[in-house]
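Novice: Input structure: upload-v1.cif, which contains mmCIF, C-alpha atoms and all ligand atoms.
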data_start
#
loop_
_atom_site.label_atom_id
_atom_site.label_comp_id
_atom_site.auth_asym_id
_atom_site.auth_seq_id
_atom_site.Cartn_x
_atom_site.Cartn_y
_atom_site.Cartn_z
CA MET Y 1 -20.54 3.55 -85.38
CA LYS Y 2 -23.05 2.22 -82.86
CA ALA Y 3 -22.01 0.81 -79.47
CA ALA Y 4 -23.74 -0.21 -76.23
CA ILE Y 5 -22.50 2.11 -73.50
CA LEU Y 6 -22.70 1.47 -69.77
CA ARG Y 7 -22.44 4.76 -67.86
CA ALA Y 8 -22.73 3.39 -64.30
CA ALA Y 9 -23.22 0.06 -62.51
CA ARG Y 10 -26.82 -1.07 -62.08
CA THR Y 11 -28.13 1.04 -64.97
CA PRO Y 12 -29.16 -0.21 -68.41
CA MET Y 13 -26.80 0.16 -71.37
CA SER Y 14 -27.74 2.67 -74.05
CA ILE Y 15 -27.05 2.39 -77.77
CA GLU Y 16 -25.13 5.48 -78.83
CA THR Y 17 -22.96 6.72 -81.67
CA VAL Y 18 -19.21 6.76 -80.97
CA GLN Y 19 -16.02 7.23 -82.96
CA LEU Y 20 -13.13 4.78 -83.24
CA ASP Y 21 -9.50 5.87 -83.53
CA GLY Y 22 -6.87 3.64 -85.15
CA PRO Y 23 -5.48 1.17 -85.92
CA ARG Y 24 -2.10 2.27 -84.56
CA PRO Y 25 0.98 0.32 -85.81
CA GLU Y 26 0.41 -2.77 -83.59
CA GLU Y 27 -3.37 -2.76 -83.83
CA VAL Y 28 -6.11 -4.24 -85.98
CA ARG Y 29 -9.49 -2.80 -86.85
CA ILE Y 30 -12.28 -5.39 -86.95
CA ARG Y 31 -15.85 -5.18 -88.24
CA VAL Y 32 -17.70 -7.19 -85.57
CA ALA Y 33 -19.89 -10.00 -86.92
CA ALA Y 34 -21.12 -11.51 -83.66
CA SER Y 35 -20.66 -10.87 -79.95
CA GLY Y 36 -21.68 -13.22 -77.13
CA LEU Y 37 -23.30 -12.13 -73.86
CA CYS Y 38 -20.99 -13.55 -71.16
CA HIS Y 39 -21.43 -13.48 -67.41
CA SER Y 40 -18.08 -11.69 -66.91
CA ASP Y 41 -19.47 -8.47 -68.42
CA TYR Y 42 -22.33 -8.73 -65.97
CA HIS Y 43 -19.89 -8.40 -63.04
CA VAL Y 44 -19.25 -4.81 -64.21
CA MET Y 45 -22.97 -4.18 -64.77
CA SER Y 46 -23.84 -5.39 -61.26
CA GLY Y 47 -20.98 -3.48 -59.62
CA ASP Y 48 -19.23 -6.69 -58.40
CA MET Y 49 -16.20 -5.80 -60.53
CA GLY Y 50 -14.87 -2.26 -60.23
CA SER Y 51 -14.44 -0.33 -63.48
CA ALA Y 52 -14.00 3.11 -64.97
CA PHE Y 53 -17.04 4.52 -66.78
CA PRO Y 54 -18.40 5.06 -69.36
CA ILE Y 55 -17.46 1.72 -70.86
CA VAL Y 56 -18.25 -0.52 -73.84
CA LEU Y 57 -18.48 -4.09 -72.52
CA GLY Y 58 -18.25 -7.31 -74.55
CA HIS Y 59 -15.25 -9.56 -75.08
CA GLU Y 60 -16.48 -12.69 -76.87
CA ALA Y 61 -16.48 -11.67 -80.51
CA SER Y 62 -15.87 -12.69 -84.09
CA GLY Y 63 -15.51 -10.48 -87.13
CA VAL Y 64 -13.69 -9.53 -90.27
CA VAL Y 65 -10.43 -7.56 -90.37
CA GLU Y 66 -10.99 -4.11 -91.88
CA ALA Y 67 -7.47 -2.66 -91.54
CA VAL Y 68 -4.12 -3.62 -89.99
CA GLY Y 69 -1.42 -1.37 -88.50
CA SER Y 70 1.99 -1.05 -90.17
CA ASP Y 71 3.74 -3.43 -87.68
CA VAL Y 72 1.19 -6.24 -87.87
CA ARG Y 73 2.29 -9.46 -89.57
CA GLY Y 74 0.17 -12.49 -90.44
CA LEU Y 75 -3.18 -10.69 -90.60
CA ALA Y 76 -4.72 -8.91 -93.57
CA ARG Y 77 -7.90 -7.10 -94.53
CA GLY Y 78 -10.70 -9.60 -95.09
CA ASP Y 79 -9.39 -12.24 -92.64
CA ARG Y 80 -12.12 -13.83 -90.53
CA VAL Y 81 -11.10 -13.77 -86.88
CA VAL Y 82 -11.99 -14.33 -83.24
CA THR Y 83 -10.85 -12.06 -80.41
CA CYS Y 84 -9.77 -12.98 -76.89
CA THR Y 85 -9.10 -10.95 -73.74
CA SER Y 86 -5.58 -12.36 -73.38
CA ILE Y 87 -3.45 -9.74 -75.15
CA TYR Y 88 0.21 -10.48 -74.49
CA CYS Y 89 3.73 -9.18 -75.09
CA GLY Y 90 5.41 -12.44 -76.16
CA HIS Y 91 8.71 -11.80 -74.32
CA CYS Y 92 8.01 -11.61 -70.55
CA GLY Y 93 8.75 -14.67 -68.39
CA ASP Y 94 5.14 -15.87 -68.40
CA CYS Y 95 4.81 -15.54 -72.18
CA GLN Y 96 8.13 -17.33 -72.68
CA ALA Y 97 6.94 -20.16 -70.43
CA GLY Y 98 3.92 -20.63 -72.72
CA HIS Y 99 1.45 -18.88 -70.43
CA ASN Y 100 0.52 -15.91 -72.65
CA HIS Y 101 -2.84 -15.70 -70.93
CA LEU Y 102 -1.00 -14.64 -67.74
CA CYS Y 103 1.24 -12.03 -69.44
CA GLY Y 104 2.42 -9.48 -66.90
CA GLU Y 105 3.47 -6.89 -69.46
CA LYS Y 106 0.37 -6.57 -71.59
CA PRO Y 107 1.07 -4.25 -74.55
CA LEU Y 108 -1.57 -1.66 -73.67
CA ARG Y 109 -1.70 1.82 -75.13
CA GLU Y 110 0.06 4.37 -72.95
CA HIS Y 111 -2.37 5.66 -70.29
CA PRO Y 112 -5.04 3.31 -71.66
CA GLN Y 113 -7.93 4.95 -69.86
CA ALA Y 114 -7.26 8.38 -71.37
CA ASN Y 115 -6.15 6.89 -74.72
CA SER Y 116 -8.95 4.41 -75.40
CA PRO Y 117 -9.59 4.01 -79.14
CA ILE Y 118 -13.31 4.54 -78.46
CA ARG Y 119 -14.26 8.23 -78.23
CA GLN Y 120 -17.45 10.22 -78.10
CA ASN Y 121 -16.98 13.82 -79.17
CA GLY Y 122 -13.35 13.62 -78.04
CA GLU Y 123 -14.24 12.08 -74.65
CA PRO Y 124 -12.65 8.61 -74.04
CA ILE Y 125 -15.03 5.64 -73.60
CA GLN Y 126 -13.41 2.64 -71.84
CA GLN Y 127 -12.85 -0.62 -73.69
CA PHE Y 128 -13.66 -3.67 -71.53
CA CYS Y 129 -10.74 -6.18 -71.52
CA ASN Y 130 -9.02 -4.09 -74.22
CA LEU Y 131 -11.77 -5.20 -76.62
CA GLY Y 132 -15.18 -3.54 -76.22
CA ALA Y 133 -17.13 -5.99 -78.37
CA PHE Y 134 -20.67 -4.66 -77.92
CA ALA Y 135 -20.01 -2.35 -80.85
CA GLU Y 136 -20.10 -2.47 -84.64
CA GLU Y 137 -16.31 -2.24 -84.84
CA MET Y 138 -13.29 -2.74 -82.57
CA VAL Y 139 -9.68 -1.57 -82.61
CA VAL Y 140 -7.57 -4.11 -80.70
CA HIS Y 141 -3.95 -5.16 -80.23
CA HIS Y 142 -2.98 -7.77 -82.84
CA SER Y 143 -2.15 -10.29 -80.10
CA ALA Y 144 -5.88 -10.39 -79.18
CA VAL Y 145 -6.75 -11.87 -82.57
CA SER Y 146 -6.84 -15.46 -83.86
CA LYS Y 147 -7.52 -16.35 -87.50
CA LEU Y 148 -10.31 -18.84 -88.30
CA PRO Y 149 -10.17 -21.70 -90.78
CA GLU Y 150 -12.25 -21.53 -93.97
CA GLY Y 151 -15.92 -22.42 -93.54
CA MET Y 152 -16.28 -21.58 -89.83
CA PRO Y 153 -19.57 -19.69 -89.32
CA LEU Y 154 -18.89 -16.36 -87.58
CA ASP Y 155 -21.90 -16.38 -85.22
CA ILE Y 156 -20.87 -19.75 -83.74
CA ALA Y 157 -17.18 -18.76 -83.80
CA SER Y 158 -17.76 -15.81 -81.45
CA LEU Y 159 -18.08 -18.23 -78.54
CA LEU Y 160 -14.66 -19.81 -79.14
CA GLY Y 161 -12.71 -16.93 -77.58
CA CYS Y 162 -14.31 -17.12 -74.13
CA ALA Y 163 -16.96 -19.74 -73.23
CA VAL Y 164 -15.47 -22.59 -75.29
CA LEU Y 165 -11.82 -21.75 -74.59
CA THR Y 166 -12.36 -21.25 -70.85
CA GLY Y 167 -14.39 -24.44 -70.47
CA ILE Y 168 -12.44 -26.92 -72.58
CA GLY Y 169 -9.03 -25.45 -71.69
CA SER Y 170 -9.69 -25.72 -67.94
CA VAL Y 171 -10.03 -29.49 -68.43
CA THR Y 172 -7.33 -30.25 -70.98
CA GLU Y 173 -4.71 -27.67 -69.97
CA GLY Y 174 -5.67 -26.34 -66.51
CA ALA Y 175 -6.39 -29.60 -64.71
CA GLN Y 176 -4.97 -31.94 -67.39
CA VAL Y 177 -7.70 -34.49 -66.79
CA ARG Y 178 -6.57 -38.03 -67.63
CA PRO Y 179 -8.63 -40.58 -69.57
CA GLY Y 180 -10.77 -42.72 -67.28
CA SER Y 181 -11.23 -39.98 -64.65
CA LYS Y 182 -14.41 -39.27 -62.73
CA VAL Y 183 -15.41 -35.64 -63.26
CA VAL Y 184 -18.09 -33.46 -61.67
CA VAL Y 185 -19.06 -30.09 -63.18
CA ILE Y 186 -21.04 -27.69 -60.99
CA GLY Y 187 -22.81 -24.97 -62.99
CA CYS Y 188 -23.90 -25.65 -66.56
CA GLY Y 189 -24.04 -22.27 -68.29
CA GLY Y 190 -22.02 -21.45 -71.42
CA VAL Y 191 -18.66 -22.19 -69.75
CA GLY Y 192 -19.84 -25.18 -67.68
CA LEU Y 193 -21.26 -26.94 -70.74
CA ASN Y 194 -17.83 -26.62 -72.33
CA VAL Y 195 -16.19 -28.08 -69.23
CA VAL Y 196 -18.52 -31.06 -69.71
CA GLN Y 197 -17.53 -31.21 -73.37
CA GLY Y 198 -13.83 -30.87 -72.47
CA ALA Y 199 -14.14 -33.81 -70.08
CA ARG Y 200 -15.68 -35.86 -72.89
CA LEU Y 201 -12.81 -34.92 -75.24
CA ALA Y 202 -10.30 -35.83 -72.51
CA GLY Y 203 -11.78 -39.31 -72.23
CA ALA Y 204 -13.32 -39.02 -68.75
CA ALA Y 205 -15.12 -42.22 -67.74
CA GLN Y 206 -17.81 -40.47 -65.72
CA ILE Y 207 -19.03 -36.86 -66.15
CA ILE Y 208 -21.70 -35.74 -63.70
CA ALA Y 209 -23.31 -32.34 -64.29
CA VAL Y 210 -24.76 -30.43 -61.34
CA ASP Y 211 -27.11 -27.45 -61.66
CA LEU Y 212 -30.31 -26.13 -60.09
CA ASN Y 213 -31.98 -25.66 -63.47
CA PRO Y 214 -33.40 -28.84 -65.13
CA ALA Y 215 -33.13 -27.24 -68.60
CA LYS Y 216 -29.38 -26.78 -68.11
CA LEU Y 217 -29.00 -30.38 -66.94
CA ALA Y 218 -30.78 -31.53 -70.12
CA MET Y 219 -28.29 -29.45 -72.14
CA ALA Y 220 -25.38 -30.99 -70.21
CA SER Y 221 -26.44 -34.43 -71.44
CA ILE Y 222 -26.19 -33.17 -75.05
CA PHE Y 223 -22.63 -31.97 -74.32
CA GLY Y 224 -21.50 -35.33 -72.93
CA ALA Y 225 -22.61 -35.63 -69.29
CA THR Y 226 -23.06 -39.29 -68.33
CA GLY Y 227 -25.26 -38.33 -65.37
CA THR Y 228 -26.96 -35.28 -63.86
CA VAL Y 229 -27.73 -34.24 -60.29
CA THR Y 230 -29.82 -31.31 -59.04
CA GLY Y 231 -27.71 -29.00 -56.85
CA GLY Y 232 -28.53 -27.89 -53.31
CA GLU Y 233 -29.04 -29.93 -50.17
CA GLY Y 234 -27.80 -33.54 -50.25
CA VAL Y 235 -25.75 -32.99 -53.43
CA VAL Y 236 -22.44 -34.02 -51.82
CA GLU Y 237 -23.85 -37.31 -50.55
CA ARG Y 238 -25.46 -38.02 -53.92
CA ILE Y 239 -22.15 -37.45 -55.77
CA MET Y 240 -20.21 -39.61 -53.30
CA GLU Y 241 -22.72 -42.38 -53.95
CA LEU Y 242 -22.68 -42.05 -57.76
CA THR Y 243 -18.88 -41.85 -57.98
CA ASP Y 244 -18.40 -44.65 -55.47
CA GLY Y 245 -16.30 -42.60 -53.05
CA GLY Y 246 -15.66 -39.25 -54.74
CA ALA Y 247 -14.58 -37.59 -57.97
CA ASP Y 248 -11.04 -37.19 -59.28
CA TYR Y 249 -11.87 -33.67 -60.47
CA VAL Y 250 -14.60 -31.23 -59.51
CA PHE Y 251 -14.98 -28.06 -61.60
CA GLU Y 252 -16.77 -25.20 -59.86
CA VAL Y 253 -18.14 -22.92 -62.58
CA VAL Y 254 -20.46 -20.83 -60.39
CA GLY Y 255 -18.13 -18.71 -58.23
CA ILE Y 256 -19.92 -19.04 -54.87
CA PRO Y 257 -17.85 -19.91 -51.74
CA ALA Y 258 -20.43 -22.35 -50.32
CA VAL Y 259 -20.55 -24.20 -53.66
CA GLN Y 260 -16.74 -24.26 -53.91
CA ARG Y 261 -16.67 -25.92 -50.49
CA GLN Y 262 -19.30 -28.46 -51.56
CA GLY Y 263 -17.13 -29.20 -54.60
CA PHE Y 264 -14.13 -29.91 -52.36
CA LEU Y 265 -16.20 -32.31 -50.25
CA MET Y 266 -17.10 -34.32 -53.40
CA LEU Y 267 -13.48 -35.28 -54.08
CA ARG Y 268 -11.82 -38.63 -53.53
CA ARG Y 269 -8.25 -38.93 -52.18
CA ARG Y 270 -5.74 -36.93 -54.25
CA GLY Y 271 -8.68 -35.24 -55.98
CA THR Y 272 -8.52 -31.75 -57.49
CA LEU Y 273 -11.00 -28.91 -57.12
CA VAL Y 274 -10.72 -26.57 -60.11
CA LEU Y 275 -12.10 -23.05 -59.61
CA VAL Y 276 -13.34 -21.64 -62.92
CA GLY Y 277 -16.41 -19.51 -62.08
CA LEU Y 278 -15.51 -15.93 -61.15
CA PRO Y 279 -16.55 -15.03 -57.60
CA ARG Y 280 -17.24 -11.51 -56.32
CA MET Y 281 -14.15 -9.41 -55.72
CA GLY Y 282 -12.72 -10.07 -52.23
CA SER Y 283 -14.39 -13.47 -51.88
CA ASP Y 284 -12.44 -16.26 -50.08
CA VAL Y 285 -12.48 -20.01 -50.55
CA SER Y 286 -12.66 -22.14 -47.40
CA VAL Y 287 -11.96 -25.89 -47.25
CA PRO Y 288 -11.20 -28.23 -44.31
CA ALA Y 289 -7.40 -28.00 -44.05
CA LEU Y 290 -6.79 -31.26 -42.20
CA THR Y 291 -8.73 -33.21 -44.83
CA MET Y 292 -6.80 -31.42 -47.55
CA ILE Y 293 -3.48 -32.55 -46.06
CA ALA Y 294 -4.48 -36.05 -44.93
CA ARG Y 295 -6.10 -36.89 -48.28
CA GLU Y 296 -3.60 -34.95 -50.43
CA MET Y 297 -6.21 -32.80 -52.14
CA ARG Y 298 -5.45 -29.94 -54.49
CA VAL Y 299 -7.32 -26.70 -55.15
CA ILE Y 300 -6.33 -24.88 -58.35
CA GLY Y 301 -7.65 -21.99 -60.41
CA SER Y 302 -7.93 -21.81 -64.17
CA VAL Y 303 -8.44 -18.63 -66.21
CA MET Y 304 -9.15 -18.33 -69.94
CA GLY Y 305 -8.56 -22.07 -70.34
CA SER Y 306 -4.95 -21.83 -69.04
CA VAL Y 307 -3.68 -21.91 -72.62
CA PRO Y 308 -2.36 -19.57 -75.35
CA PHE Y 309 -5.63 -19.05 -77.20
CA GLN Y 310 -4.08 -18.61 -80.66
CA ARG Y 311 -2.81 -22.18 -80.43
CA VAL Y 312 -6.18 -23.76 -79.69
CA ILE Y 313 -8.86 -21.61 -81.39
CA PRO Y 314 -8.10 -22.95 -84.91
CA THR Y 315 -8.08 -26.50 -83.48
CA TYR Y 316 -11.48 -26.02 -81.84
CA ALA Y 317 -12.87 -24.57 -85.08
CA LYS Y 318 -11.61 -27.60 -87.02
CA LEU Y 319 -13.08 -30.01 -84.45
CA TYR Y 320 -16.42 -28.21 -84.89
CA LEU Y 321 -16.25 -28.45 -88.68
CA GLU Y 322 -15.51 -32.19 -88.37
CA GLY Y 323 -18.55 -32.62 -86.11
CA ARG Y 324 -16.49 -33.48 -83.04
CA LEU Y 325 -17.29 -30.34 -81.04
CA THR Y 326 -20.85 -29.40 -80.06
CA LEU Y 327 -21.38 -25.67 -80.42
CA ASP Y 328 -24.74 -25.03 -82.13
CA PRO Y 329 -26.94 -25.63 -79.04
CA LEU Y 330 -24.86 -23.09 -77.07
CA VAL Y 331 -26.45 -20.26 -79.04
CA SER Y 332 -29.86 -19.97 -77.42
CA GLN Y 333 -30.83 -16.95 -79.53
CA ARG Y 334 -29.46 -14.42 -81.99
CA ILE Y 335 -30.36 -10.83 -81.06
CA ALA Y 336 -29.76 -7.27 -82.25
CA LEU Y 337 -27.50 -4.86 -80.33
CA GLU Y 338 -30.63 -2.95 -79.27
CA GLU Y 339 -31.87 -6.06 -77.39
CA ILE Y 340 -28.79 -6.33 -75.17
CA ASN Y 341 -30.38 -5.36 -71.83
CA ARG Y 342 -33.16 -7.91 -72.25
CA GLY Y 343 -30.53 -10.49 -73.29
CA TYR Y 344 -28.72 -9.99 -69.98
CA GLU Y 345 -31.96 -10.21 -67.99
CA GLN Y 346 -32.52 -13.63 -69.60
CA LEU Y 347 -28.94 -14.75 -68.90
CA ILE Y 348 -29.22 -13.82 -65.22
CA ALA Y 349 -32.62 -15.51 -64.94
CA GLY Y 350 -30.94 -18.69 -66.26
CA GLU Y 351 -33.17 -18.81 -69.34
CA THR Y 352 -30.33 -18.92 -71.87
CA ALA Y 353 -26.90 -20.54 -72.31
CA ARG Y 354 -25.69 -17.80 -74.64
CA SER Y 355 -27.40 -14.99 -76.49
CA VAL Y 356 -25.31 -13.79 -79.40
CA ILE Y 357 -25.61 -10.31 -80.87
CA VAL Y 358 -25.44 -10.60 -84.63
CA PHE Y 359 -24.52 -7.43 -86.50
CA ASP Y 360 -26.23 -6.67 -89.74
CA HIS Y 361 -23.58 -4.70 -91.66
ZN ZN Z 401 -16.44 -14.29 -71.12
ZN ZN Z 402 4.13 -11.25 -71.73
#
Could you render the structure from this file as structure tokens?
Ligand SMILES: [Zn+2]
Ligand SMILES: [Zn+2]
Specialist:
Amino acid sequence: MKAAILRAARTPMSIETVQLDGPRPEEVRIRVAASGLCHSDYHVMSGDMGSAFPIVLGHEASGVVEAVGSDVRGLARGDRVVTCTSIYCGHCGDCQAGHNHLCGEKPLREHPQANSPIRQNGEPIQQFCNLGAFAEEMVVHHSAVSKLPEGMPLDIASLLGCAVLTGIGSVTEGAQVRPGSKVVVIGCGGVGLNVVQGARLAGAAQIIAVDLNPAKLAMASIFGATGTVTGGEGVVERIMELTDGGADYVFEVVGIPAVQRQGFLMLRRRGTLVLVGLPRMGSDVSVPALTMIAREMRVIGSVMGSVPFQRVIPTYAKLYLEGRLTLDPLVSQRIALEEINRGYEQLIAGETARSVIVFDH
């Protein structure tokens, strides 16, 4: 099969032929239908996130089950599915508490680096996030898979497992935004637009989108923003004015320390700053401590929507099919695997919300 392989940071990916081993008893083999280009993969490409090489990136995928291992229950050949990075064991303390996405005993293959299911002439090729979705097929642990309801288009569905889940979940589960709240969302890419949409679903009274790019602000309005503000100098003052004294929740979906601090300064008393955007490794967040205490502020993080993804993916798909979830405008363009490097250039330049690789099997 064909896969996009990254051999070192800051080099382009190359499309090469590789072999796939499995499924083993707990695994599922999936023919990939669509795979979204997410910013998290870019952290490996840029060198901001350390990784073993060579590697197949990609983690936001949909597809059709080709084969299931002997221990897999509830999935069968022909099922239409979405994958997620949150593979989990189901019996550790975090899983038992309902936080599968934080599982501390992920059921990886033994010596996963040497035993990756992706091989090239016997040589292991790493599988990003235990998925490796920039490829025609994947072999993944069954806990990384969620079944889709009938009628859900696979190209749109690919975004459910990362951008949509991370964005909406951070609002409804991570921060548990209450109806009537004032919400600010800084950074309106694929995830940020879904934070905006999550705030709308949660019944926020005011949703202000902040970004440097006017095209993204226009998109934010489609996803439910009640107002938009251009980021940069004066943004804190402008938000304080528009919210009449500060927001209840500010979501930082960029991952830059100076922007995180700006987000904190936009809060009202007892407000919550929610960190969603992934910063560089080793980056710190700095906020004025006295203000934090005196005004009882909170700073929290949210990863993968803070929710067991198998519980919410079918719900999101149904909301989409009922016309209550906006997903179509997220897909800026459908591209071939061979166009992946150009797709990332466009993502980094801020020209696209999401490019989705569509496989032509
Ligand atoms: Zn992602
Ligand atoms: Zn666990």
Novice: Could you tell me, counting all atoms listed in the file, which protein and nucleic acid residues lie no more than 9 Å from ligand ZN 401 (chain Z), written as a PyMOL selection string?
Specialist: chain Y and resi 36-41+58-60+84-85+159+161-163+166+191+304
Novice: Once you have the residues from the selection above, write them out as a tab-separated table (two decimals), in the frame of the given file, restricted to C-alpha atoms.
Specialist:
chain	number	residue	atom	x	y	z
Y	36	GLY	CA	-21.68	-13.22	-77.13
Y	37	LEU	CA	-23.30	-12.13	-73.86
Y	38	CYS	CA	-20.99	-13.55	-71.16
Y	39	HIS	CA	-21.43	-13.48	-67.41
Y	40	SER	CA	-18.08	-11.69	-66.91
Y	41	ASP	CA	-19.47	-8.47	-68.42
Y	58	GLY	CA	-18.25	-7.31	-74.55
Y	59	HIS	CA	-15.25	-9.56	-75.08
Y	60	GLU	CA	-16.48	-12.69	-76.87
Y	84	CYS	CA	-9.77	-12.98	-76.89
Y	85	THR	CA	-9.10	-10.95	-73.74
Y	159	LEU	CA	-18.08	-18.23	-78.54
Y	161	GLY	CA	-12.71	-16.93	-77.58
Y	162	CYS	CA	-14.31	-17.12	-74.13
Y	163	ALA	CA	-16.96	-19.74	-73.23
Y	166	THR	CA	-12.36	-21.25	-70.85
Y	191	VAL	CA	-18.66	-22.19	-69.75
Y	304	MET	CA	-9.15	-18.33	-69.94
Novice: Around ligand ZN 402 (chain Z), out to 10 Å and counting only C-alpha atoms and all ligand atoms, which residues are there? I want them as a list in words.
Specialist: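 So, counting only C-alpha atoms and all ligand atoms, the residues near ligand ZN 402 (chain Z) are Ser86, Ile87, Tyr88, Cys89, Gly90, His91, Cys92, Gly93, Asp94, Cys95, Gln96, Ala97, Gly98, His99, Asn100, His101, Leu102, Cys103, Gly104, Glu105, Lys106 and Pro107 of chain Y.
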Novice: With only C-alpha atoms as the counted atoms, please give the residues lying no more than 12 Å from Leu108 (chain Y), apart from itself and same-chain residues fewer than 5 positions off, as a PyMOL selection string.
Specialist: chain Y and resi 24+26-27+85-89+103+113-117+127+129-131+140-144
Novice: In Å, with one decimal, what is the gap from CA of Ala33 (chain Y) to CA of Val145 (chain Y)?
Specialist: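 Separation of CA of Ala33 (chain Y) and CA of Val145 (chain Y): 14.0 Å.
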Novice: Enter the distance from CA of Ala135 (chain Y) to CA of Ile335 (chain Y), in Å, rounded to one decimal.
Specialist: 13.4 Å
Novice: N, CA and C atoms are needed for region 90-111 of chain Y; please write them out as a PDB file, keeping the file's coordinate frame.
Specialist:
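Listed below is the output, out.pdb:
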ATOM      1  N   GLY Y  90       4.613 -11.431 -75.459  1.00  0.00           N
ATOM      2  CA  GLY Y  90       5.410 -12.440 -76.160  1.00  0.00           C
ATOM      3  C   GLY Y  90       6.823 -12.593 -75.620  1.00  0.00           C
ATOM      4  N   HIS Y  91       7.323 -11.653 -74.795  1.00  0.00           N
ATOM      5  CA  HIS Y  91       8.710 -11.800 -74.320  1.00  0.00           C
ATOM      6  C   HIS Y  91       8.895 -11.737 -72.807  1.00  0.00           C
ATOM      7  N   CYS Y  92       7.829 -11.570 -72.013  1.00  0.00           N
ATOM      8  CA  CYS Y  92       8.010 -11.610 -70.550  1.00  0.00           C
ATOM      9  C   CYS Y  92       8.180 -13.077 -70.127  1.00  0.00           C
ATOM     10  N   GLY Y  93       8.520 -13.311 -68.875  1.00  0.00           N
ATOM     11  CA  GLY Y  93       8.750 -14.670 -68.390  1.00  0.00           C
ATOM     12  C   GLY Y  93       7.532 -15.571 -68.572  1.00  0.00           C
ATOM     13  N   ASP Y  94       6.350 -15.053 -68.284  1.00  0.00           N
ATOM     14  CA  ASP Y  94       5.140 -15.870 -68.400  1.00  0.00           C
ATOM     15  C   ASP Y  94       4.861 -16.232 -69.858  1.00  0.00           C
ATOM     16  N   CYS Y  95       5.013 -15.255 -70.752  1.00  0.00           N
ATOM     17  CA  CYS Y  95       4.810 -15.540 -72.180  1.00  0.00           C
ATOM     18  C   CYS Y  95       5.819 -16.575 -72.657  1.00  0.00           C
ATOM     19  N   GLN Y  96       7.077 -16.413 -72.255  1.00  0.00           N
ATOM     20  CA  GLN Y  96       8.130 -17.330 -72.680  1.00  0.00           C
ATOM     21  C   GLN Y  96       7.888 -18.747 -72.160  1.00  0.00           C
ATOM     22  N   ALA Y  97       7.227 -18.840 -70.997  1.00  0.00           N
ATOM     23  CA  ALA Y  97       6.940 -20.160 -70.430  1.00  0.00           C
ATOM     24  C   ALA Y  97       5.696 -20.784 -71.077  1.00  0.00           C
ATOM     25  N   GLY Y  98       5.099 -20.081 -72.036  1.00  0.00           N
ATOM     26  CA  GLY Y  98       3.920 -20.630 -72.720  1.00  0.00           C
ATOM     27  C   GLY Y  98       2.608 -20.235 -72.060  1.00  0.00           C
ATOM     28  N   HIS Y  99       2.670 -19.288 -71.123  1.00  0.00           N
ATOM     29  CA  HIS Y  99       1.450 -18.880 -70.430  1.00  0.00           C
ATOM     30  C   HIS Y  99       1.079 -17.450 -70.840  1.00  0.00           C
ATOM     31  N   ASN Y 100       0.867 -17.247 -72.129  1.00  0.00           N
ATOM     32  CA  ASN Y 100       0.520 -15.910 -72.650  1.00  0.00           C
ATOM     33  C   ASN Y 100      -0.678 -15.308 -71.931  1.00  0.00           C
ATOM     34  N   HIS Y 101      -1.598 -16.202 -71.545  1.00  0.00           N
ATOM     35  CA  HIS Y 101      -2.840 -15.700 -70.930  1.00  0.00           C
ATOM     36  C   HIS Y 101      -2.561 -15.045 -69.572  1.00  0.00           C
ATOM     37  N   LEU Y 102      -1.360 -15.252 -69.025  1.00  0.00           N
ATOM     38  CA  LEU Y 102      -1.000 -14.640 -67.740  1.00  0.00           C
ATOM     39  C   LEU Y 102       0.015 -13.507 -67.931  1.00  0.00           C
ATOM     40  N   CYS Y 103       0.223 -13.056 -69.150  1.00  0.00           N
ATOM     41  CA  CYS Y 103       1.240 -12.030 -69.440  1.00  0.00           C
ATOM     42  C   CYS Y 103       1.183 -10.885 -68.433  1.00  0.00           C
ATOM     43  N   GLY Y 104       2.339 -10.563 -67.881  1.00  0.00           N
ATOM     44  CA  GLY Y 104       2.420  -9.480 -66.900  1.00  0.00           C
ATOM     45  C   GLY Y 104       2.783  -8.148 -67.524  1.00  0.00           C
ATOM     46  N   GLU Y 105       3.073  -8.151 -68.801  1.00  0.00           N
ATOM     47  CA  GLU Y 105       3.470  -6.890 -69.460  1.00  0.00           C
ATOM     48  C   GLU Y 105       2.603  -6.672 -70.698  1.00  0.00           C
ATOM     49  N   LYS Y 106       1.317  -6.707 -70.479  1.00  0.00           N
ATOM     50  CA  LYS Y 106       0.370  -6.570 -71.590  1.00  0.00           C
ATOM     51  C   LYS Y 106       0.657  -5.300 -72.391  1.00  0.00           C
ATOM     52  N   PRO Y 107       0.720  -5.405 -73.716  1.00  0.00           N
ATOM     53  CA  PRO Y 107       1.070  -4.250 -74.550  1.00  0.00           C
ATOM     54  C   PRO Y 107      -0.107  -3.273 -74.730  1.00  0.00           C
ATOM     55  N   LEU Y 108      -0.457  -2.620 -73.636  1.00  0.00           N
ATOM     56  CA  LEU Y 108      -1.570  -1.660 -73.670  1.00  0.00           C
ATOM     57  C   LEU Y 108      -1.111  -0.360 -74.299  1.00  0.00           C
ATOM     58  N   ARG Y 109      -2.047   0.454 -74.736  1.00  0.00           N
ATOM     59  CA  ARG Y 109      -1.700   1.820 -75.130  1.00  0.00           C
ATOM     60  C   ARG Y 109      -1.213   2.556 -73.890  1.00  0.00           C
ATOM     61  N   GLU Y 110      -0.395   3.564 -74.091  1.00  0.00           N
ATOM     62  CA  GLU Y 110       0.060   4.370 -72.950  1.00  0.00           C
ATOM     63  C   GLU Y 110      -1.149   5.061 -72.318  1.00  0.00           C
ATOM     64  N   HIS Y 111      -1.211   5.093 -70.992  1.00  0.00           N
ATOM     65  CA  HIS Y 111      -2.370   5.660 -70.290  1.00  0.00           C
ATOM     66  C   HIS Y 111      -3.665   5.193 -70.941  1.00  0.00           C
TER      67      HIS Y 111
END
